[in-house]
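S.K.: Sharing structure.csv below, CSV, C-alpha atoms:
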```
chain,number,residue,atom,x,y,z
O,1,MET,CA,17.1,14.2,-3.3
O,2,THR,CA,19.8,16.5,-4.9
O,3,ASN,CA,23.0,15.0,-6.5
O,4,SER,CA,25.1,16.4,-3.6
O,5,GLU,CA,22.8,14.8,-1.0
O,6,ALA,CA,22.9,11.5,-2.9
O,7,GLU,CA,26.6,11.6,-3.1
O,8,HIS,CA,26.9,12.4,0.7
O,9,SER,CA,24.5,9.5,1.5
O,10,GLY,CA,26.3,7.2,-0.8
O,11,ALA,CA,29.6,7.9,0.8
O,12,GLN,CA,28.2,6.9,4.1
O,13,SER,CA,26.2,3.9,2.8
O,14,GLY,CA,26.4,0.3,3.8
O,15,ALA,CA,26.0,-0.1,7.6
O,16,ASN,CA,22.4,-0.6,8.9
O,17,LEU,CA,20.9,0.0,5.4
O,18,TYR,CA,17.8,-1.9,4.3
O,19,GLY,CA,16.0,-1.9,1.0
O,20,SER,CA,12.5,-3.0,-0.1
O,21,VAL,CA,10.9,-3.2,-3.5
O,22,ASP,CA,7.2,-3.7,-3.9
O,23,LEU,CA,6.2,-4.7,-7.5
O,24,GLY,CA,2.4,-4.1,-7.6
O,25,THR,CA,-0.2,-4.3,-10.3
O,26,ASN,CA,0.2,-0.7,-11.2
O,27,THR,CA,3.4,0.6,-9.6
O,28,CYS,CA,6.9,-0.5,-8.8
O,29,ARG,CA,8.2,1.2,-5.6
O,30,LEU,CA,11.6,1.2,-3.9
O,31,LEU,CA,12.5,2.3,-0.4
O,32,ILE,CA,16.0,2.5,1.1
O,33,ALA,CA,16.3,3.4,4.8
O,34,ARG,CA,18.8,3.3,7.6
O,35,LEU,CA,18.1,1.8,11.0
O,36,VAL,CA,19.3,4.2,13.7
O,37,GLU,CA,18.9,4.4,17.5
O,38,SER,CA,17.6,7.5,19.2
O,39,GLU,CA,16.9,7.7,23.0
O,40,GLY,CA,16.8,3.9,23.2
O,41,VAL,CA,14.4,3.5,20.4
O,42,ARG,CA,15.4,2.2,17.0
O,43,GLN,CA,13.7,3.7,14.0
O,44,PHE,CA,14.1,4.0,10.2
O,45,THR,CA,15.4,7.1,8.6
O,46,HIS,CA,14.5,7.3,4.9
O,47,ILE,CA,17.5,7.6,2.6
O,48,ASP,CA,16.0,7.3,-0.9
O,49,SER,CA,12.8,6.2,-2.6
O,50,LEU,CA,11.5,5.6,-6.1
O,51,SER,CA,8.0,5.1,-7.6
O,52,ARG,CA,7.4,4.1,-11.2
O,53,VAL,CA,4.0,3.5,-12.8
O,54,VAL,CA,4.5,0.3,-14.8
O,55,ARG,CA,0.9,-0.8,-15.4
O,56,PHE,CA,2.1,-4.3,-14.7
O,57,GLY,CA,-1.4,-5.9,-14.8
O,58,GLU,CA,-2.4,-4.3,-18.1
O,59,ASN,CA,-4.8,-6.6,-20.0
O,60,LEU,CA,-4.1,-9.3,-17.4
O,61,GLU,CA,-7.8,-9.9,-16.8
O,62,GLN,CA,-8.4,-10.8,-20.5
O,63,SER,CA,-5.2,-12.7,-21.3
O,64,ARG,CA,-4.3,-14.2,-18.0
O,65,LYS,CA,-0.7,-13.4,-18.9
O,66,LEU,CA,1.7,-10.5,-18.2
O,67,SER,CA,2.2,-8.7,-21.5
O,68,LEU,CA,5.6,-8.2,-23.1
O,69,GLN,CA,5.1,-4.5,-22.8
O,70,ALA,CA,4.2,-4.7,-19.1
O,71,MET,CA,7.2,-6.9,-18.4
O,72,ASP,CA,9.5,-4.5,-20.3
O,73,ARG,CA,8.3,-1.6,-18.2
O,74,ALA,CA,8.8,-3.7,-15.0
O,75,TYR,CA,12.4,-4.6,-16.1
O,76,LEU,CA,13.2,-1.0,-16.6
O,77,ALA,CA,11.8,0.0,-13.2
O,78,LEU,CA,13.6,-2.9,-11.5
O,79,GLU,CA,16.9,-1.9,-13.1
O,80,GLU,CA,16.5,1.6,-11.7
O,81,CYS,CA,16.0,0.0,-8.3
O,82,ARG,CA,19.1,-2.1,-8.7
O,83,LYS,CA,21.2,0.9,-9.5
O,84,ARG,CA,20.1,2.7,-6.4
O,85,LEU,CA,20.5,-0.3,-4.2
O,86,GLN,CA,24.0,-0.8,-5.6
O,87,PHE,CA,24.9,2.9,-5.2
O,88,TYR,CA,24.1,2.8,-1.5
O,89,HIS,CA,25.7,-0.7,-1.1
O,90,VAL,CA,22.5,-1.9,0.6
O,91,PRO,CA,23.3,-5.2,2.4
O,92,TYR,CA,19.8,-6.3,3.3
O,93,MET,CA,16.9,-6.1,0.8
O,94,ARG,CA,13.8,-7.9,-0.3
O,95,CYS,CA,11.7,-7.6,-3.4
O,96,VAL,CA,8.1,-8.8,-3.4
O,97,ALA,CA,5.4,-9.1,-6.1
O,98,THR,CA,1.7,-9.2,-5.4
O,99,ALA,CA,-1.6,-9.6,-7.2
O,100,ALA,CA,-0.5,-9.5,-10.8
O,101,CYS,CA,2.1,-12.1,-10.4
O,102,ARG,CA,-0.2,-14.3,-8.3
O,103,ARG,CA,-2.7,-14.4,-11.2
O,104,ALA,CA,-0.5,-14.5,-14.3
O,105,GLU,CA,0.2,-17.8,-16.0
O,106,ASN,CA,3.7,-16.7,-17.1
O,107,THR,CA,5.0,-15.4,-13.8
O,108,ASP,CA,7.8,-17.9,-13.5
O,109,GLU,CA,9.1,-16.8,-16.9
O,110,PHE,CA,9.0,-13.2,-15.8
O,111,VAL,CA,10.7,-13.8,-12.5
O,112,GLN,CA,13.5,-15.7,-14.1
O,113,GLU,CA,14.0,-13.1,-16.8
O,114,ALA,CA,14.0,-10.3,-14.2
O,115,PHE,CA,16.8,-12.0,-12.3
O,116,LYS,CA,18.8,-12.4,-15.5
O,117,LYS,CA,18.4,-8.8,-16.4
O,118,THR,CA,18.7,-7.1,-13.0
O,119,GLY,CA,20.0,-9.6,-10.5
O,120,ILE,CA,17.0,-8.9,-8.3
O,121,ARG,CA,15.2,-12.0,-6.9
O,122,ILE,CA,11.5,-11.5,-6.9
O,123,GLU,CA,9.4,-13.2,-4.2
O,124,VAL,CA,5.7,-13.7,-5.1
O,125,ILE,CA,3.9,-13.4,-1.8
O,126,THR,CA,0.5,-14.7,-0.8
O,127,PRO,CA,-2.4,-12.4,0.1
O,128,GLN,CA,-1.9,-13.3,3.8
O,129,GLU,CA,1.8,-12.3,3.6
O,130,GLU,CA,0.8,-9.0,1.8
O,131,SER,CA,-1.7,-8.3,4.6
O,132,GLU,CA,0.9,-8.9,7.3
O,133,LEU,CA,3.5,-6.6,5.6
O,134,ALA,CA,0.9,-3.8,5.2
O,135,VAL,CA,0.1,-4.0,8.9
O,136,ALA,CA,3.8,-4.1,9.9
O,137,GLY,CA,4.3,-1.0,7.8
O,138,CYS,CA,1.5,0.9,9.7
O,139,ALA,CA,2.3,-0.4,13.2
O,140,GLU,CA,3.8,2.9,14.3
O,141,LEU,CA,0.2,4.4,14.1
O,142,PHE,CA,-1.3,1.8,16.6
O,143,ASP,CA,-2.7,3.5,19.6
O,144,ASP,CA,-3.0,1.2,22.6
O,145,GLN,CA,-6.1,3.0,23.9
O,146,PHE,CA,-7.8,0.8,21.3
O,147,SER,CA,-7.8,-3.0,21.6
O,148,HIS,CA,-8.0,-3.7,17.9
O,149,ALA,CA,-7.2,-2.2,14.5
O,150,ILE,CA,-8.8,-2.6,11.1
O,151,VAL,CA,-6.2,-2.0,8.5
O,152,PHE,CA,-7.1,-1.9,4.8
O,153,ASP,CA,-4.9,-1.6,1.7
O,154,ILE,CA,-6.5,-0.9,-1.7
O,155,GLY,CA,-3.9,-1.9,-4.2
O,156,GLY,CA,-3.8,-1.9,-7.9
O,157,GLY,CA,-4.9,-5.6,-8.3
O,158,SER,CA,-6.2,-6.6,-4.9
O,159,THR,CA,-7.6,-5.2,-1.7
O,160,GLU,CA,-6.6,-6.5,1.8
O,161,LEU,CA,-8.7,-6.0,5.0
O,162,VAL,CA,-6.9,-7.1,8.2
O,163,TRP,CA,-8.3,-7.5,11.7
O,164,THR,CA,-5.5,-7.0,14.2
O,165,LYS,CA,-5.0,-7.2,18.0
O,166,ILE,CA,-3.1,-4.2,19.2
O,167,LEU,CA,-0.3,-5.1,21.7
O,168,PRO,CA,1.9,-2.8,23.9
O,169,ASN,CA,4.8,-0.9,22.3
O,170,GLN,CA,3.1,-0.7,18.9
O,171,ASP,CA,3.3,-4.4,18.5
O,172,PHE,CA,0.4,-6.4,17.0
O,173,LYS,CA,-1.0,-9.8,16.3
O,174,VAL,CA,-2.9,-10.4,13.0
O,175,ILE,CA,-6.1,-12.2,13.9
O,176,ASP,CA,-7.4,-12.7,10.3
O,177,SER,CA,-7.4,-11.1,6.9
O,178,ILE,CA,-9.3,-11.3,3.7
O,179,SER,CA,-8.1,-10.4,0.2
O,180,PHE,CA,-10.4,-9.3,-2.6
O,181,PRO,CA,-9.4,-10.0,-6.2
O,182,HIS,CA,-10.1,-6.4,-7.2
O,183,GLY,CA,-8.1,-3.2,-6.9
O,184,PHE,CA,-8.2,0.4,-8.3
O,185,ALA,CA,-6.4,-0.5,-11.5
O,186,THR,CA,-8.4,-3.7,-12.3
O,187,LEU,CA,-11.7,-1.9,-11.6
O,188,LYS,CA,-11.3,1.2,-13.8
O,189,ASP,CA,-13.0,-0.4,-16.9
O,190,GLN,CA,-15.6,-2.4,-15.0
O,191,LEU,CA,-16.8,0.8,-13.1
O,192,LYS,CA,-17.8,2.4,-16.4
O,193,ASP,CA,-20.7,-0.1,-16.5
O,194,PRO,CA,-23.2,0.8,-13.7
O,195,GLU,CA,-24.4,-2.9,-13.4
O,196,LYS,CA,-20.9,-4.2,-13.0
O,197,ARG,CA,-20.1,-1.5,-10.5
O,198,GLU,CA,-23.2,-2.5,-8.5
O,199,ASP,CA,-22.3,-6.2,-8.7
O,200,ILE,CA,-18.7,-5.7,-7.5
O,201,THR,CA,-19.5,-3.3,-4.7
O,202,GLN,CA,-22.4,-5.5,-3.4
O,203,PHE,CA,-20.1,-8.6,-3.4
O,204,PHE,CA,-17.4,-6.5,-1.6
O,205,SER,CA,-19.9,-5.3,1.0
O,206,HIS,CA,-21.2,-8.8,1.6
O,207,GLU,CA,-17.7,-10.2,2.2
O,208,VAL,CA,-16.8,-7.4,4.5
O,209,ASN,CA,-20.0,-7.9,6.5
O,210,GLU,CA,-19.4,-11.7,6.8
O,211,PHE,CA,-15.8,-11.0,7.9
O,212,ALA,CA,-17.0,-8.5,10.5
O,213,LEU,CA,-19.7,-10.9,11.9
O,214,ARG,CA,-17.3,-13.8,12.1
O,215,HIS,CA,-14.9,-11.8,14.3
O,216,GLY,CA,-17.4,-9.8,16.4
O,217,ILE,CA,-16.0,-6.6,14.9
O,218,TYR,CA,-19.2,-4.6,15.1
O,219,GLY,CA,-19.3,-5.0,18.9
O,220,VAL,CA,-15.7,-3.7,19.2
O,221,ILE,CA,-16.5,-0.8,17.0
O,222,ARG,CA,-19.6,0.1,19.1
O,223,GLU,CA,-17.5,0.0,22.2
O,224,GLY,CA,-15.1,2.5,20.7
O,225,LYS,CA,-12.2,0.1,20.9
O,226,ALA,CA,-11.4,-0.3,17.1
O,227,GLN,CA,-9.0,1.9,15.3
O,228,MET,CA,-9.2,2.1,11.5
O,229,ILE,CA,-6.2,2.8,9.3
O,230,GLY,CA,-6.1,3.2,5.6
O,231,ALA,CA,-2.8,2.2,4.0
O,232,SER,CA,-3.4,3.1,0.4
O,233,GLY,CA,-3.0,5.8,-2.2
O,234,THR,CA,-6.8,6.2,-2.3
O,235,ILE,CA,-6.9,7.3,1.3
O,236,THR,CA,-3.8,9.4,1.3
O,237,THR,CA,-5.1,11.2,-1.8
O,238,LEU,CA,-8.4,11.9,-0.2
O,239,ALA,CA,-6.5,13.1,2.9
O,240,ALA,CA,-4.4,15.5,0.8
O,241,ILE,CA,-7.6,17.0,-0.8
O,242,ILE,CA,-9.4,17.3,2.6
O,243,LEU,CA,-6.3,19.1,4.0
O,244,GLY,CA,-6.4,21.5,1.1
O,245,LEU,CA,-2.8,20.9,0.1
O,246,GLU,CA,-1.4,22.7,-2.9
O,247,SER,CA,0.6,19.5,-3.7
O,248,TYR,CA,0.9,16.1,-2.1
O,249,ASP,CA,3.0,16.3,1.0
O,250,LYS,CA,3.4,12.9,2.7
O,251,THR,CA,4.7,14.5,6.0
O,252,ARG,CA,1.3,16.2,6.4
O,253,VAL,CA,-0.8,13.4,5.0
O,254,HIS,CA,0.7,10.6,7.1
O,255,GLU,CA,-1.2,10.3,10.4
O,256,ALA,CA,-4.0,12.7,9.3
O,257,VAL,CA,-7.3,11.9,11.1
O,258,LEU,CA,-10.2,11.9,8.6
O,259,SER,CA,-13.8,12.2,9.8
O,260,ARG,CA,-16.7,10.5,8.1
O,261,GLU,CA,-18.2,13.9,7.2
O,262,ASN,CA,-15.0,15.1,5.5
O,263,LEU,CA,-14.6,11.9,3.6
O,264,LYS,CA,-18.2,11.9,2.4
O,265,ASN,CA,-17.9,15.5,1.3
O,266,VAL,CA,-14.7,14.9,-0.7
O,267,ILE,CA,-16.0,11.7,-2.3
O,268,ARG,CA,-19.2,13.6,-3.3
O,269,TYR,CA,-17.0,16.2,-4.9
O,270,LEU,CA,-14.9,13.7,-6.8
O,271,ASN,CA,-17.9,11.8,-8.1
O,272,SER,CA,-19.1,15.1,-9.7
O,273,THR,CA,-15.8,15.7,-11.5
O,274,HIS,CA,-14.6,14.8,-15.0
O,275,TYR,CA,-11.3,13.1,-15.8
O,276,SER,CA,-9.9,16.5,-16.9
O,277,ASP,CA,-10.8,18.0,-13.5
O,278,ARG,CA,-8.9,15.3,-11.6
O,279,LEU,CA,-6.0,15.4,-14.0
O,280,ASN,CA,-5.5,19.1,-13.2
O,281,HIS,CA,-6.0,18.7,-9.5
O,282,PRO,CA,-2.6,19.2,-7.8
O,283,CYS,CA,-3.1,16.3,-5.3
O,284,ILE,CA,-4.3,13.8,-8.0
O,285,GLY,CA,-2.6,14.4,-11.3
O,286,GLN,CA,-2.0,12.0,-14.2
O,287,GLN,CA,-0.9,9.1,-12.0
O,288,ARG,CA,-4.3,8.8,-10.2
O,289,ALA,CA,-6.8,10.8,-12.3
O,290,GLU,CA,-8.5,7.7,-13.7
O,291,SER,CA,-7.7,5.0,-11.0
O,292,ILE,CA,-8.8,7.1,-8.0
O,293,MET,CA,-12.5,6.4,-8.8
O,294,GLY,CA,-12.0,2.6,-8.6
O,295,GLY,CA,-10.3,3.0,-5.3
O,296,ILE,CA,-13.1,5.2,-3.9
O,297,ALA,CA,-15.7,2.6,-4.9
O,298,LEU,CA,-13.9,-0.1,-3.0
O,299,PHE,CA,-13.3,2.2,0.0
O,300,GLU,CA,-17.0,3.1,0.2
O,301,ALA,CA,-17.9,-0.6,0.2
O,302,ILE,CA,-15.7,-1.1,3.2
O,303,TYR,CA,-16.4,2.1,5.1
O,304,ASP,CA,-20.2,2.1,4.7
O,305,ILE,CA,-20.4,-1.4,6.2
O,306,LEU,CA,-18.0,-0.9,9.1
O,307,ASN,CA,-19.3,2.6,10.0
O,308,VAL,CA,-16.2,3.8,11.9
O,309,ASP,CA,-16.3,7.5,12.8
O,310,PHE,CA,-12.6,8.3,11.9
O,311,ILE,CA,-9.9,6.9,9.8
O,312,ILE,CA,-6.2,7.5,10.1
O,313,ALA,CA,-4.3,7.9,6.8
O,314,ALA,CA,-1.1,6.0,6.5
O,315,ASP,CA,1.5,6.9,3.9
O,316,ARG,CA,3.1,3.6,4.7
O,317,GLY,CA,2.5,0.0,3.6
O,318,VAL,CA,4.2,-3.1,2.2
O,319,ARG,CA,7.6,-1.4,1.6
O,320,GLU,CA,7.8,-0.3,5.2
O,321,GLY,CA,6.6,-3.7,6.4
O,322,ILE,CA,9.4,-5.3,4.5
O,323,LEU,CA,12.0,-3.1,6.2
O,324,HIS,CA,10.6,-4.0,9.6
O,325,THR,CA,10.7,-7.7,8.9
O,326,LEU,CA,14.3,-7.4,7.6
O,327,ALA,CA,15.2,-5.6,10.8
O,328,LYS,CA,13.8,-8.3,13.0
O,329,GLU,CA,15.8,-10.9,11.0
O,330,HIS,CA,19.1,-9.0,10.9
O,331,ALA,CA,18.9,-6.9,14.0
O,332,PRO,CA,17.1,-9.3,16.4
O,333,GLN,CA,18.0,-7.2,19.5
O,334,THR,CA,15.6,-4.5,18.3
O,335,LYS,CA,12.6,-4.3,20.5
O,336,ASN,CA,10.9,-1.2,19.4
O,337,THR,CA,11.4,-0.3,15.7
O,338,LYS,CA,9.5,2.6,14.2
```
As structure tokens, please, write out the structure in this file.
M.R.:
Amino acid sequence: MTNSEAEHSGAQSGANLYGSVDLGTNTCRLLIARLVESEGVRQFTHIDSLSRVVRFGENLEQSRKLSLQAMDRAYLALEECRKRLQFYHVPYMRCVATAACRRAENTDEFVQEAFKKTGIRIEVITPQEESELAVAGCAELFDDQFSHAIVFDIGGGSTELVWTKILPNQDFKVIDSISFPHGFATLKDQLKDPEKREDITQFFSHEVNEFALRHGIYGVIREGKAQMIGASGTITTLAAIILGLESYDKTRVHEAVLSRENLKNVIRYLNSTHYSDRLNHPCIGQQRAESIMGGIALFEAIYDILNVDFIIAADRGVREGILHTLAKEHAPQTKNTK
């Protein structure tokens, strides 16, 4: 956004504005959007966004605590979020923290200090709440020719897999979800050891299989009644490469339909690359050059078990889910919000 655009938006700020902050294991992300009505349907128009790599879960596996350096990076990112929320006079906002804060022994200390420094209240959500927010953020992609949806979100510190009943008007009901204590950021060191990689992916595949058996998912997939949606940076990055984009473009990546053949081909290509190759790739870059391989290992463990022909890439997730839940609370007359 240019300065003039920001000033114009700021001047019209306030009414119907909603803000969401997702403090993850690797990234702190802000989204500000306005709820508007068009042809009888209410939808969000994005006003501003922010994404900062904070490596919040750095060394967490070893120490069980958030490091001082990681907390300082998070404070700086949250202060940026505060300034933008204040600039637009956003009346409704929610900030959530996920896997890193769920695991750390000093989370309470961090949450209290973050509020003192920034005035932002951080809510540490459960894996189930994280799953529901991710699904809510992707609900606009639900196609009611399917009876169910499998939504997965590979985060920095955890991975959520959600089995959802698709209802009319892009509504849904979460049937069940599972959360794995591994994400692309926490796996990057373990995956350097072939034995650890095998152990983790086998455990992952076993849990996915048990989940699928418990809910009769295989039968729904065979009937062609299950839609699969990937709400993670891993899938959107794969989509951008498959589409041959010169740089990442969320407007083209979002809703992209990815075939099994295309996914396997691009994964085979990435497995043959070195870090420097990924670093220089226009759709990967420094932010994902190392972590993308952890995300791919987790994705393959899910995809190889469930054997769905196509996946829809969603450049949506927890932030958008927060906006939808805020809209339901503060604009209860809204029946169909996109």
S.K.: Of the candidates O:Thr159, O:Ser247, O:Ser205, O:Thr164, which one gets nearest to Thr234 of chain O if we count all atoms listed in the file?
M.R.: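 For Thr234 of chain O, the nearest of the candidates is O:Thr159.
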S.K.: Could you check which of O:Met71, O:Leu17, O:Ile120, O:Leu326 is closest to Cys101 of chain O, using only C-alpha atoms?
M.R.: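 Closest residue, counting only C-alpha atoms: O:Met71.
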S.K.: Using all atoms listed in the file, pick whichever of O:Lys65, O:His182, O:Arg316, O:Lys83 has the shortest atom-to-atom distance to Gly295 of chain O.
M.R.: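 Checking each candidate against Gly295 of chain O, we get O:His182 as the closest.
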S.K.: Report, in Å to a single decimal, how far apart atom CA of Thr25 of chain O and atom CA of Asn280 of chain O are.
M.R.: 24.2 Å
S.K.: Please compute the atom CA of Asp309 of chain O-atom CA of Gly230 of chain O distance, one decimal, in Å.
M.R.: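 Computing the Euclidean distance for atom CA of Asp309 of chain O and atom CA of Gly230 of chain O yields 13.2 Å.
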S.K.: Give me the residues near Ser147 of chain O as a list of chain:residue names, where near means some atom within 7 Å (using only C-alpha atoms) and where sequence neighbours in that chain fewer than 5 positions away do not count.
M.R.: O:Lys165, O:Ile166, O:Lys225, O:Ala226
S.K.: Would you compute the distance between atom CA of Phe142 of chain O and atom CA of Val124 of chain O? Give it in Å to one decimal.
M.R.: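 Going from atom CA of Phe142 of chain O over to atom CA of Val124 of chain O, I get 27.6 Å.
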S.K.: Would you please work out which residue, of O:Asp277, O:Asp199, O:Asp144, O:Asp22, is nearest to Ala77 of chain O when using all atoms listed in the file?
M.R.: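 Ranking O:Asp277, O:Asp199, O:Asp144, O:Asp22 by distance to Ala77 of chain O, first place goes to O:Asp22.
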